[in-house]
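Below is one structure, written out as structure tokens; the observations come after it.
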Amino acid sequence: MSDLSSMDKVKVVGAGQVLWMPIPGCPGCQAGSVGRIIAEVLEEMRLDGKAILCDGIGCHSGVAVLNLDVVQGSHGGAPDMATAIKRLSPDSLVFTVQGDGDCIAIGAGSFIGALTRAEMITIIMVNNANYGTTGGQMAPTTLMGQKTTTTPSGRDAATGGGYPVRVAELAATFRSVAYSARGALTTPANYQRTKKYVKTAFQKQVDRAGLGFVEVLSACPPNWHLSPVESLKWIEEKMIPEFPLGEFKNVDRAT
């Protein structure tokens, strides 16, 4: 991993052959790095043979190239699918990968419902502060003053834009949640910390401790109108102050 680019490769094993397959994405998109982290963690934990991915709708969907059982349903409905699959197959590691719009906008009901019901699943949310796939509209995580196709003058609470939602902090308030954290991919050190967060969240499910949630700040150069390098700087200077990195909840068992 040299440049944390969108063309990160994941190992696909099958028929006695090992292949390295690139995860597609726009130049500088970091959804591929999220997919790589998941692949590395599953392999290290030896869970790749029992993992089931419930994929949301959005740019992050490229992670579906992982050699796993994958289900993709309606926009925002990944936690509902994960709920059903986990209840039918309680020994499987069931997790979602969703964008910020998929998870906390159109999928807010499914997300809150899973937390309320104390589902034993893991939710990974890729936060790029806009609707990346559909043209760069304002999302719940869009920053104050950030220009999008639906906020050409910048997000403004006074004109009905509201304020950014801090989802990792929100998840931590639910009694059902055993783990909630937020990571970034701007540096190799941040990559490794985010990988640790994902591994911990998966372990909570394995231990039946409670629901695990990991938010990952991710670049979107095309919709931010920045270069890949400028996007990393923007995350460091703009996103992280609004969405601080770290663990917000880590308990042995949700109560």
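To be explicit about the labels: the chains of the structure tokens are called A, B, and onward in the order shown, and within each one the residues are counted from 1, while ligands get numbers from 1 in the order they are shown.
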
If you count only C-alpha atoms, which residues fall within 10 Å of Pro222 in chain A, apart from same-chain ones fewer than 2 positions away, as a compact mmCIF listing (two decimals) with C-alpha atoms, in the first residue's frame?
# COMPACT_ATOMS: atom_id res chain seq x y z
CA CYS A 26 -12.57 7.30 -9.49
CA PRO A 27 -8.94 8.46 -9.18
CA GLY A 28 -8.31 9.24 -5.51
CA CYS A 29 -11.46 7.55 -4.22
CA GLY A 132 -20.90 10.61 -4.58
CA GLY A 135 -23.93 13.74 -8.63
CA GLY A 136 -22.54 15.25 -5.45
CA ALA A 219 -12.01 11.23 -0.28
CA CYS A 220 -14.26 12.14 -3.23
CA TRP A 224 -15.05 17.98 -4.25
CA HIS A 225 -13.37 19.41 -7.37
CA LEU A 226 -9.97 18.68 -5.88
CA SER A 227 -7.01 16.54 -6.88
CA PRO A 228 -6.44 13.28 -4.97
CA SER A 231 -8.47 15.80 -1.11

- Return as a VMD selection string the full set of residues in range 4-248 of chain A whose backbone-based DSSP assignment is alpha helix (DSSP H). chain A and resid 31 to 44 78 to 88 100 to 104 108 to 116 167 to 172 188 to 206 221 to 224 228 to 234 240 to 242

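Shortest separation to Val165 in chain A among A:Val41, A:Ala105, A:Cys54, A:Ile123 occurs at residue A:Ala105, atoms counted being only C-alpha atoms.
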
- Message: Measuring between only C-alpha atoms, which one of A:Val177, A:Leu143, A:Ala189, A:Val70 shows the shortest distance to Glu242 in chain A?
- Response: A:Leu143

- Query: Quick one: residues within 10 Å of range 146-158 of chain A, only C-alpha atoms counted, chain neighbours fewer than 3 positions away excluded, as number ranges by chain?
  - Reply: A: 129-131, 135-139, 142-143, 161-164, 223-225, 238

Just-selected residues, N, CA and C atoms written as a tab-separated table (two decimals), in the first residue's frame:
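The result, stored in selection.tsv:
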chain	number	residue	atom	x	y	z
A	129	ALA	N	-18.87	12.80	2.68
A	129	ALA	CA	-19.49	14.12	2.86
A	129	ALA	C	-20.34	14.60	1.70
A	130	ASN	N	-20.80	13.65	0.87
A	130	ASN	CA	-21.74	14.02	-0.21
A	130	ASN	C	-22.32	12.74	-0.81
A	131	TYR	N	-23.29	12.90	-1.69
A	131	TYR	CA	-23.80	11.76	-2.44
A	131	TYR	C	-22.91	11.57	-3.66
A	135	GLY	N	-24.22	12.41	-8.12
A	135	GLY	CA	-23.93	13.74	-8.63
A	135	GLY	C	-23.42	14.74	-7.63
A	136	GLY	N	-23.16	14.34	-6.39
A	136	GLY	CA	-22.54	15.25	-5.45
A	136	GLY	C	-23.50	16.13	-4.67
A	137	GLN	N	-24.71	15.65	-4.43
A	137	GLN	CA	-25.67	16.43	-3.64
A	137	GLN	C	-25.27	16.47	-2.17
A	138	MET	N	-25.90	17.39	-1.42
A	138	MET	CA	-25.66	17.49	0.01
A	138	MET	C	-26.13	16.22	0.70
A	139	ALA	N	-25.31	15.73	1.63
A	139	ALA	CA	-25.63	14.56	2.43
A	139	ALA	C	-25.73	14.98	3.89
A	142	THR	N	-22.40	16.37	5.00
A	142	THR	CA	-21.79	17.51	4.32
A	142	THR	C	-21.42	18.59	5.34
A	143	LEU	N	-20.25	19.18	5.20
A	143	LEU	CA	-19.76	20.16	6.16
A	143	LEU	C	-20.45	21.50	6.01
A	161	GLY	N	-30.35	23.99	5.69
A	161	GLY	CA	-29.35	22.96	5.44
A	161	GLY	C	-29.03	22.10	6.65
A	162	GLY	N	-29.35	22.62	7.83
A	162	GLY	CA	-29.05	21.86	9.04
A	162	GLY	C	-27.57	21.75	9.31
A	163	TYR	N	-27.20	20.77	10.11
A	163	TYR	CA	-25.82	20.59	10.54
A	163	TYR	C	-25.35	19.16	10.25
A	164	PRO	N	-24.05	18.95	10.12
A	164	PRO	CA	-23.53	17.61	9.87
A	164	PRO	C	-23.85	16.65	11.02
A	223	ASN	N	-16.27	15.08	-6.99
A	223	ASN	CA	-17.34	15.94	-6.50
A	223	ASN	C	-16.83	17.06	-5.60
A	224	TRP	N	-15.65	16.90	-5.02
A	224	TRP	CA	-15.05	17.98	-4.25
A	224	TRP	C	-14.30	18.96	-5.14
A	225	HIS	N	-14.11	18.58	-6.40
A	225	HIS	CA	-13.37	19.41	-7.37
A	225	HIS	C	-11.94	19.68	-6.88
A	238	LYS	N	-10.32	19.91	7.12
A	238	LYS	CA	-11.74	20.26	7.21
A	238	LYS	C	-12.59	19.16	7.86

- Message: I want to know what sits within 12 Å of Met45 in chain A, based on only C-alpha atoms, with residues of the same chain fewer than 6 positions away left out; could you give that as number ranges by chain?
- Response: A: 38-39, 51, 93, 196, 198-203, 206

Selected residues written out with N, CA and C atoms, as a PDB file, in the first residue's frame:
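Output (selection19.pdb):
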ATOM      1  N   ILE A  38     -10.954  -4.483   4.797  1.00  0.00           N
ATOM      2  CA  ILE A  38     -11.874  -5.569   5.127  1.00  0.00           C
ATOM      3  C   ILE A  38     -11.272  -6.918   4.729  1.00  0.00           C
ATOM      4  N   ALA A  39     -10.691  -6.984   3.528  1.00  0.00           N
ATOM      5  CA  ALA A  39     -10.100  -8.238   3.057  1.00  0.00           C
ATOM      6  C   ALA A  39      -8.949  -8.670   3.961  1.00  0.00           C
ATOM      7  N   ALA A  51     -17.961 -15.112   6.334  1.00  0.00           N
ATOM      8  CA  ALA A  51     -18.434 -13.723   6.304  1.00  0.00           C
ATOM      9  C   ALA A  51     -19.467 -13.521   5.201  1.00  0.00           C
ATOM     10  N   LEU A  93     -20.422 -14.253  10.183  1.00  0.00           N
ATOM     11  CA  LEU A  93     -20.056 -12.863  10.440  1.00  0.00           C
ATOM     12  C   LEU A  93     -20.790 -12.022   9.397  1.00  0.00           C
ATOM     13  N   LYS A 196      -7.440  -1.475  12.622  1.00  0.00           N
ATOM     14  CA  LYS A 196      -7.629  -1.950  13.995  1.00  0.00           C
ATOM     15  C   LYS A 196      -9.082  -1.780  14.431  1.00  0.00           C
ATOM     16  N   VAL A 198     -11.783  -1.755  12.503  1.00  0.00           N
ATOM     17  CA  VAL A 198     -12.611  -2.754  11.820  1.00  0.00           C
ATOM     18  C   VAL A 198     -12.436  -4.121  12.471  1.00  0.00           C
ATOM     19  N   LYS A 199     -11.200  -4.471  12.791  1.00  0.00           N
ATOM     20  CA  LYS A 199     -10.937  -5.770  13.418  1.00  0.00           C
ATOM     21  C   LYS A 199     -11.630  -5.858  14.781  1.00  0.00           C
ATOM     22  N   THR A 200     -11.593  -4.778  15.552  1.00  0.00           N
ATOM     23  CA  THR A 200     -12.241  -4.779  16.860  1.00  0.00           C
ATOM     24  C   THR A 200     -13.752  -4.921  16.725  1.00  0.00           C
ATOM     25  N   ALA A 201     -14.319  -4.210  15.753  1.00  0.00           N
ATOM     26  CA  ALA A 201     -15.771  -4.292  15.532  1.00  0.00           C
ATOM     27  C   ALA A 201     -16.189  -5.703  15.148  1.00  0.00           C
ATOM     28  N   PHE A 202     -15.415  -6.350  14.276  1.00  0.00           N
ATOM     29  CA  PHE A 202     -15.718  -7.737  13.912  1.00  0.00           C
ATOM     30  C   PHE A 202     -15.595  -8.660  15.123  1.00  0.00           C
ATOM     31  N   GLN A 203     -14.588  -8.427  15.950  1.00  0.00           N
ATOM     32  CA  GLN A 203     -14.385  -9.277  17.120  1.00  0.00           C
ATOM     33  C   GLN A 203     -15.558  -9.164  18.094  1.00  0.00           C
ATOM     34  N   VAL A 206     -18.073 -11.530  16.850  1.00  0.00           N
ATOM     35  CA  VAL A 206     -17.651 -12.904  17.112  1.00  0.00           C
ATOM     36  C   VAL A 206     -17.881 -13.260  18.580  1.00  0.00           C
TER      37      VAL A 206
END

- Task: May I ask for the distance between CA of Gly107 in chain A and CA of Ser74 in chain A, given in Å to one decimal place?
- Result: 9.4 Å

- strand (DSSP E or B) per DSSP on the backbone: members of range 195-255 of chain A, as a ChimeraX atom specification: /A:211-217,246-250

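With only C-alpha atoms as the atoms that count, the minimum distance from Gly32 in chain A to the choices A:Gln205, A:Ser218, A:Thr122, A:Gln192 is reached by A:Ser218.
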
- All residues 10 Å or closer to Ile240 in chain A, only C-alpha atoms, same chain fewer than 5 positions away omitted, as a ChimeraX atom specification: /A:182-184,217,234-235,245

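The coordinates place CA of Gly25 in chain A at 28.6 Å from CA of Ser92 in chain A.
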
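Computed from the coordinates, the CA of Asp207 in chain A to CA of Gly49 in chain A distance equals 17.3 Å.
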
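Each of A:Thr96, A:Ser89, A:Ser110, A:Thr186 was checked against Gly76 in chain A using only C-alpha atoms; the smallest atom-to-atom distance is that of A:Ser110.
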
- Message: Could you list, as a PyMOL selection string, every residue within 7 Å of Leu68 in chain A, counting only C-alpha atoms and ignoring same-chain residues fewer than 5 positions away?
- Response: chain A and resi 48+51-53

Since we have the selection now, will you write its residues out, keeping N, CA and C atoms, as a compact mmCIF listing (two decimals), in the first residue's frame?
# COMPACT_ATOMS: atom_id res chain seq x y z
N ASP A 48 -12.88 -15.21 6.54
CA ASP A 48 -13.33 -15.00 5.17
C ASP A 48 -14.27 -16.10 4.70
N ALA A 51 -17.96 -15.11 6.33
CA ALA A 51 -18.43 -13.72 6.30
C ALA A 51 -19.47 -13.52 5.20
N ILE A 52 -20.47 -12.71 5.51
CA ILE A 52 -21.51 -12.36 4.54
C ILE A 52 -21.61 -10.83 4.51
N LEU A 53 -21.44 -10.27 3.32
CA LEU A 53 -21.49 -8.82 3.14
C LEU A 53 -22.86 -8.41 2.63

- Surrounding residues of Ile57 in chain A excluding itself and chain neighbours under 5 positions, 8 Å, only C-alpha atoms, as a PyMOL selection string: chain A and resi 72-76+98-99+102

Go ahead and write the selection's residues with N, CA and C atoms as a PDB file, in the first residue's frame.
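The resulting file, part35.pdb, is reproduced below:
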ATOM      1  N   GLN A  72     -27.047  -7.552  -2.124  1.00  0.00           N
ATOM      2  CA  GLN A  72     -27.295  -6.117  -2.302  1.00  0.00           C
ATOM      3  C   GLN A  72     -28.778  -5.916  -2.538  1.00  0.00           C
ATOM      4  N   GLY A  73     -29.365  -5.040  -1.747  1.00  0.00           N
ATOM      5  CA  GLY A  73     -30.801  -4.833  -1.850  1.00  0.00           C
ATOM      6  C   GLY A  73     -31.152  -3.392  -2.134  1.00  0.00           C
ATOM      7  N   SER A  74     -32.235  -2.933  -1.544  1.00  0.00           N
ATOM      8  CA  SER A  74     -32.711  -1.578  -1.796  1.00  0.00           C
ATOM      9  C   SER A  74     -31.788  -0.543  -1.156  1.00  0.00           C
ATOM     10  N   HIS A  75     -31.819   0.660  -1.684  1.00  0.00           N
ATOM     11  CA  HIS A  75     -30.999   1.748  -1.176  1.00  0.00           C
ATOM     12  C   HIS A  75     -31.349   2.002   0.284  1.00  0.00           C
ATOM     13  N   GLY A  76     -30.349   1.870   1.157  1.00  0.00           N
ATOM     14  CA  GLY A  76     -30.555   2.118   2.584  1.00  0.00           C
ATOM     15  C   GLY A  76     -30.963   0.909   3.390  1.00  0.00           C
ATOM     16  N   GLN A  98     -21.670   0.691   3.739  1.00  0.00           N
ATOM     17  CA  GLN A  98     -22.633   1.682   3.252  1.00  0.00           C
ATOM     18  C   GLN A  98     -21.969   3.053   3.142  1.00  0.00           C
ATOM     19  N   GLY A  99     -22.486   3.874   2.261  1.00  0.00           N
ATOM     20  CA  GLY A  99     -22.063   5.257   2.210  1.00  0.00           C
ATOM     21  C   GLY A  99     -22.810   6.066   3.255  1.00  0.00           C
ATOM     22  N   ASP A 102     -26.450   6.445   2.083  1.00  0.00           N
ATOM     23  CA  ASP A 102     -27.141   5.164   2.191  1.00  0.00           C
ATOM     24  C   ASP A 102     -27.439   4.827   3.645  1.00  0.00           C
TER      25      ASP A 102
END

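Candidate residues A:Arg166, A:Lys86, A:Lys233, A:Lys249 were compared for distance to Ser180 in chain A, and the nearest is A:Lys249, using only C-alpha atoms.
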